[in-house]
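Asker: Following this message is one structure expressed as structure tokens.
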Amino acid sequence: MVVLVRGYHRGPVRRKGTHMAMRVQFTSPQTWGGITDTTLTVDAARLVLLDGNDQVVLDVPADVVRQIDRGATARTNRLRDAHRNHGRAWRDDERAELRRLWAEPVPREDLISTFGRSWNSIASEARRLRLGERPTPES
């Protein structure tokens, strides 16, 4: 499926009539019109979907589009790129290690690196385990 945005312009977004600002984020830098960037904001008039044979399967005014989203799988993959264990259940050995390290003045960054999880995930598991307050790391 191919998505086409018809009747667009790049630059300051002017929302008029049936036009809608759409932001596109690329996985790697893209070049167009002498500009290289990883994001593009367009003021679109229509959203057009094409099938594999370039036949229009949907053509709607852009202002009826609420959100364009790659879904939960894309979000999980993006977060897992930042934290290798994002979304994975805590194992018993990880809980034991968290109990041990929580009691020591270990910097947050070290805990994040050790467990491959966000600080919120680590703090949430500590609350579930009722580990209490952490000692403050010394500078």
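FYI, nothing fancy with the structure tokens labels: chains A, B, ... in order, residues from 1 per chain, ligands from 1 as they appear.
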Which residues, written as a list in words, have at least one atom at most 12 Å from A:Leu131, with only C-alpha atoms counted and residues fewer than 6 positions away on the same chain left out?
Answerer: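 Answer for this query is Arg95, Ala96, Leu98, Arg99, Arg100, Leu101, Trp102, Ala103, Glu104, Ile122, Ala123, Ser124 and Glu125 of chain A.
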Asker: With DSSP run on the backbone, what are the helix (DSSP H, G or I) residues within stretch 1-138 of chain A? I'd like them as a PyMOL selection string.
Answerer: chain A and resi 62-64+71-82+92-102+108-115+119-128
Asker: For atom CA of A:Arg91 and atom CA of A:Ser113, determine how far apart the two atoms are, in Å to one decimal place.
Answerer: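 One can read the atom CA of A:Arg91 to atom CA of A:Ser113 distance as 16.3 Å.
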Asker: Taking 6 positions as the minimum chain separation for residues in the same chain, which residues sit within 10 Å of A:Gln30 when counting only C-alpha atoms? Answer as a list in words.
Answerer: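 The neighbour list is Thr36, Asp37, Thr38, Thr39 and Leu40 of chain A.
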Asker: Between A:Ala89, A:Val56, A:Pro29, A:Arg23, single out the one closest to A:Val42, counting only C-alpha atoms.
Answerer: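 Looking only at the distances to A:Val42, the closest residue turns out to be A:Arg23.
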